[in-house]
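Structure record follows, encoded as structure tokens.
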Amino acid sequence: MKKKNKGIAILLGICCVLGVVCVVEYTMLKYEKGHMGQTGENSKATEWVGNKGNTTDFTDGVSKHGALSVDGVDLVDKDGKSFQLKGVSSHGILWYPDFAGCLPVAETKKYGANVFRIAAYADDESGGYVQRPEETLRYVRSSIEAVLANDMYAIVDWHVLNDGNPLTNKEKAKEFFAQIAGQYGDEPGIIYEICNEPNGDTTWEDITAYANEVIPLIRGYAPNALILVGTPEYSYAITKVQGAMLPYENVMYSYHFYAGQYDDAYSNMLEACRSQGVPIFVSEWGMNISAGEPGSVLAQGQEFVTYLNKEKISWVAWSLSNKNEAFSLLSPECNTYSGWQEEDFTDIGKIVFQMLGDDK
Ligand code: IDC
């Protein structure tokens, strides 16, 4: 009996000591984290205040706002109320599918995102739909399911880039959209982006010819879907649309912008277009910190997105992956799909994620 009591006393003693050690360790860790948040190297870009978004609110997404449409130059929800979409783009869906699944998408929602763009490269030497059609469709579908499960809007992006002119792979694009719209035609949460960035010598007339085949095809399955159309010169030359808009309802025109690569003419360009009735959707923007002095690139990006939020122009930032390159929102060390902390974001990621919750 006595021996047993002694044993219990020793055990209790060990537990107490362990308990004290744990409390001390936890307090130190907490202190270190808080301390890093204030003075860490990365905090130069923007003051990090963490998640200001709508957390896991399931009352402010597709279920509430329904099918979107275009009224004048504005995007409106099913009740005709002006509505801004904000979110991030996947990297190439074939290359970084893991960052386009349910948890990462939910994580963007926590910060205030209500849209997620799924970038399906059309034709690329590292692999696109032309090279790997079945795999592309599988990944696009599974990302669509992840986005819809989060009550968010999904942009299905036919990511024309190295193929230059969307007419080059027009038949493949039609095949792709017939399958996606064929399966999700009734779903109000899907937005179709028919050509990411036409470039090279592609003219607005080429894009019009392409759109005149692809838009009616999509509308055959999804009669009211919002459709985004890229513009010449990597979707920068939005002014080419002035006086030459397409003859369809619910179409918006893409404007892309990269801080560090472009000057500050955007507000004049966008205002000029909007005053002539051109509805604009910034389906991709980013910050190229390798194209200039990083601090001024970040500042220009911050100004650009502040302008978009002020004007309630919808936007999507490039891109959600941990690829070791200037455009990534996540740091190369980030290998988790949720619960991201300050150190998981790059400097551009911090700006983008803060600005998702800008109006909250
Ligand atoms: C880049 C990716 C890069 C990839 C490359 C393929 O960040 O990892 O190797 O595409 O060509 C765009 C394009 C977008 C580009 C991005 C950065 O829409 O696909 O992604 N960018 O170059 N337009 C302007 C910049």
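Letters A, B, ... mark the chains of the structure tokens in the order given; residue numbers begin at 1 per chain; ligand numbers begin at 1, in order shown.
With only C-alpha atoms taken into account, the protein and nucleic acid residues at most 6 Å from Val88 (chain A) (excluding it and anything under 4 positions from it in its own chain) are Phe116, Val316 and Ala317 of chain A.
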Since we have the selection now, will you write its residues out, keeping C-alpha atoms, as a JSON list (two decimals), in the first residue's frame?
[["chain", "number", "residue", "atom", "x", "y", "z"],
["A", 116, "PHE", "CA", -11.39, 31.29, -57.35],
["A", 316, "VAL", "CA", -8.25, 37.91, -59.30],
["A", 317, "ALA", "CA", -4.55, 37.80, -58.30]]
Check region 8-239 of chain A with DSSP on the backbone and list each residue it calls strand (DSSP E), as a count of residues only.
34
Could I get the residues of chain A with an atom no further than 8 Å from an atom of ligand 1, each paired with its nearest atom pair and that distance in Å to one decimal, using only C-alpha atoms and all ligand atoms, sorted by chain and residue number, as JSON lines?
{"residue": "A:His91", "atom": "CA", "partner": "ligand 1", "partner_atom_place_in_ligand_line": "2 (C)", "distance": 6.9}
{"residue": "A:Gly92", "atom": "CA", "partner": "ligand 1", "partner_atom_place_in_ligand_line": "19 (O)", "distance": 7.5}
{"residue": "A:Tyr121", "atom": "CA", "partner": "ligand 1", "partner_atom_place_in_ligand_line": "19 (O)", "distance": 7.7}
{"residue": "A:Asp124", "atom": "CA", "partner": "ligand 1", "partner_atom_place_in_ligand_line": "11 (O)", "distance": 7.2}
{"residue": "A:Ser126", "atom": "CA", "partner": "ligand 1", "partner_atom_place_in_ligand_line": "6 (C)", "distance": 7.9}
{"residue": "A:His159", "atom": "CA", "partner": "ligand 1", "partner_atom_place_in_ligand_line": "19 (O)", "distance": 7.0}
{"residue": "A:Val160", "atom": "CA", "partner": "ligand 1", "partner_atom_place_in_ligand_line": "18 (O)", "distance": 7.8}
{"residue": "A:Leu161", "atom": "CA", "partner": "ligand 1", "partner_atom_place_in_ligand_line": "19 (O)", "distance": 6.3}
{"residue": "A:Asn162", "atom": "CA", "partner": "ligand 1", "partner_atom_place_in_ligand_line": "11 (O)", "distance": 6.3}
{"residue": "A:Asn196", "atom": "CA", "partner": "ligand 1", "partner_atom_place_in_ligand_line": "18 (O)", "distance": 6.4}
{"residue": "A:Glu197", "atom": "CA", "partner": "ligand 1", "partner_atom_place_in_ligand_line": "18 (O)", "distance": 6.1}
{"residue": "A:Tyr234", "atom": "CA", "partner": "ligand 1", "partner_atom_place_in_ligand_line": "23 (N)", "distance": 6.4}
{"residue": "A:His256", "atom": "CA", "partner": "ligand 1", "partner_atom_place_in_ligand_line": "23 (N)", "distance": 7.4}
{"residue": "A:Phe257", "atom": "CA", "partner": "ligand 1", "partner_atom_place_in_ligand_line": "24 (C)", "distance": 7.5}
{"residue": "A:Tyr258", "atom": "CA", "partner": "ligand 1", "partner_atom_place_in_ligand_line": "24 (C)", "distance": 6.5}
{"residue": "A:Glu284", "atom": "CA", "partner": "ligand 1", "partner_atom_place_in_ligand_line": "18 (O)", "distance": 7.0}
{"residue": "A:Trp285", "atom": "CA", "partner": "ligand 1", "partner_atom_place_in_ligand_line": "24 (C)", "distance": 7.6}
{"residue": "A:Gly286", "atom": "CA", "partner": "ligand 1", "partner_atom_place_in_ligand_line": "25 (C)", "distance": 7.2}
{"residue": "A:Asn288", "atom": "CA", "partner": "ligand 1", "partner_atom_place_in_ligand_line": "17 (C)", "distance": 7.9}
{"residue": "A:Trp318", "atom": "CA", "partner": "ligand 1", "partner_atom_place_in_ligand_line": "16 (C)", "distance": 7.1}
{"residue": "A:Ser319", "atom": "CA", "partner": "ligand 1", "partner_atom_place_in_ligand_line": "7 (O)", "distance": 7.2}
{"residue": "A:Lys323", "atom": "CA", "partner": "ligand 1", "partner_atom_place_in_ligand_line": "8 (O)", "distance": 7.0}
{"residue": "A:Glu325", "atom": "CA", "partner": "ligand 1", "partner_atom_place_in_ligand_line": "8 (O)", "distance": 6.8}
{"residue": "A:Ala326", "atom": "CA", "partner": "ligand 1", "partner_atom_place_in_ligand_line": "7 (O)", "distance": 7.8}
{"residue": "A:Phe327", "atom": "CA", "partner": "ligand 1", "partner_atom_place_in_ligand_line": "7 (O)", "distance": 5.9}
{"residue": "A:Ser328", "atom": "CA", "partner": "ligand 1", "partner_atom_place_in_ligand_line": "7 (O)", "distance": 7.4}
Have a look at CA of Leu246 (chain A) and CA of Thr208 (chain A) and let me know their distance in Å, one decimal.
7.1 Å
Quick one: everything within 9 Å of Gly185 (chain A), counting only C-alpha atoms, minus sequence neighbours fewer than 2 positions away in the same chain. Send it as number ranges by chain.
A: 180-183, 187-188, 190, 218-223, 225
Which residue out of A:Val278, A:Leu356, A:Leu226, A:Ile238 has the minimum interatomic distance to Asp77 (chain A) when only C-alpha atoms are used?
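Counting only C-alpha atoms, the residue closest to Asp77 (chain A) is A:Leu226.
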List the neighbours of Tyr337 (chain A) out to 7 Å using only C-alpha atoms; skip same-chain residues closer than 5 positions along the sequence, and give me the result as an mmCIF file with all heavy atoms, in the first residue's frame.
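To be explicit, this is the file written out as result06.cif:
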data_model
loop_
_atom_site.group_PDB
_atom_site.id
_atom_site.type_symbol
_atom_site.label_atom_id
_atom_site.label_comp_id
_atom_site.auth_asym_id
_atom_site.auth_seq_id
_atom_site.Cartn_x
_atom_site.Cartn_y
_atom_site.Cartn_z
ATOM 1 N N PHE A 99 -2.866 23.057 -54.727
ATOM 2 C CA PHE A 99 -3.228 24.354 -54.160
ATOM 3 C C PHE A 99 -4.558 24.869 -54.727
ATOM 4 O O PHE A 99 -4.903 26.035 -54.568
ATOM 5 C CB PHE A 99 -2.099 25.378 -54.377
ATOM 6 C CG PHE A 99 -0.928 25.131 -53.469
ATOM 7 C CD1 PHE A 99 0.229 24.541 -53.951
ATOM 8 C CD2 PHE A 99 -0.994 25.468 -52.123
ATOM 9 C CE1 PHE A 99 1.312 24.298 -53.098
ATOM 10 C CE2 PHE A 99 0.074 25.236 -51.267
ATOM 11 C CZ PHE A 99 1.232 24.645 -51.757
ATOM 12 N N LEU A 103 -9.235 22.652 -49.278
ATOM 13 C CA LEU A 103 -8.661 23.388 -48.136
ATOM 14 C C LEU A 103 -8.027 24.721 -48.531
ATOM 15 O O LEU A 103 -8.330 25.738 -47.913
ATOM 16 C CB LEU A 103 -7.651 22.509 -47.393
ATOM 17 C CG LEU A 103 -8.236 21.375 -46.553
ATOM 18 C CD1 LEU A 103 -7.134 20.571 -45.894
ATOM 19 C CD2 LEU A 103 -9.210 21.889 -45.521
ATOM 20 N N PRO A 104 -7.168 24.754 -49.550
ATOM 21 C CA PRO A 104 -6.602 26.057 -49.928
ATOM 22 C C PRO A 104 -7.673 27.050 -50.378
ATOM 23 O O PRO A 104 -7.600 28.234 -50.049
ATOM 24 C CB PRO A 104 -5.670 25.723 -51.095
ATOM 25 C CG PRO A 104 -5.403 24.279 -50.991
ATOM 26 C CD PRO A 104 -6.581 23.657 -50.328
#
From the set A:Leu75, A:Ala209, A:Ala113, A:Val297, which residue has the shortest atom-to-atom contact distance to Asp264 (chain A), counting only C-alpha atoms?
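Checking each candidate against Asp264 (chain A), we get A:Val297 as the closest.
One finds CA of Thr306 (chain A) at 19.6 Å from CA of Lys110 (chain A).
Nearest to Thr59 (chain A) of all the residues A:Ile144, A:Met152, A:Pro332, A:Ala211 is A:Met152, counting only C-alpha atoms.
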Of the residues A:Gly357, A:Pro198, A:Gly87, A:Gly101, which is the one nearest to Ala237 (chain A), using only C-alpha atoms?
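Of A:Gly357, A:Pro198, A:Gly87, A:Gly101, the one nearest Ala237 (chain A), counting only C-alpha atoms, is A:Pro198.
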Which distance in Å separates CA of Gln302 (chain A) and CA of Tyr111 (chain A), to one decimal?
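Taking CA of Gln302 (chain A) as the start and CA of Tyr111 (chain A) as the end point, the length is 16.4 Å.
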Mind checking which residues fall within 7 Å of Gln242 (chain A), counting only C-alpha atoms, ignoring those fewer than 2 positions away in the same chain, and posting them as a count of residues only?
7
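Candidate residues A:Glu213, A:Glu145, A:Asp206, A:Asp163 were compared for distance to Gly189 (chain A), and the nearest is A:Glu145, using only C-alpha atoms.
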Shortest contact to Asp151 (chain A), candidates A:Ser69, A:Gln179, A:Asn165, A:Ser63, atoms counted only C-alpha atoms, goes to A:Ser63
For Asp263 (chain A), please output as a list of chain:residue names all residues within 12 Å (counting only C-alpha atoms; exclusion window: fewer than 4 positions along the same chain).
A:Tyr236, A:Phe257, A:Tyr258, A:Ala259, A:Ser267, A:Asn268, A:Met269, A:Gly292, A:Ser296, A:Val297, A:Gln300, A:Gly301, A:Glu303, A:Phe304
Run DSSP on the backbone of this structure and report the residues of region 90-201 of chain A it assigns to alpha helix (DSSP H), as a count of residues only.
41
Report as a PyMOL selection string all protein, DNA and RNA residues lying within 8 Å of Trp158 (chain A), evaluated on only C-alpha atoms, omitting residues in the same chain fewer than 3 positions from it.
chain A and resi 119-122+173+193-196
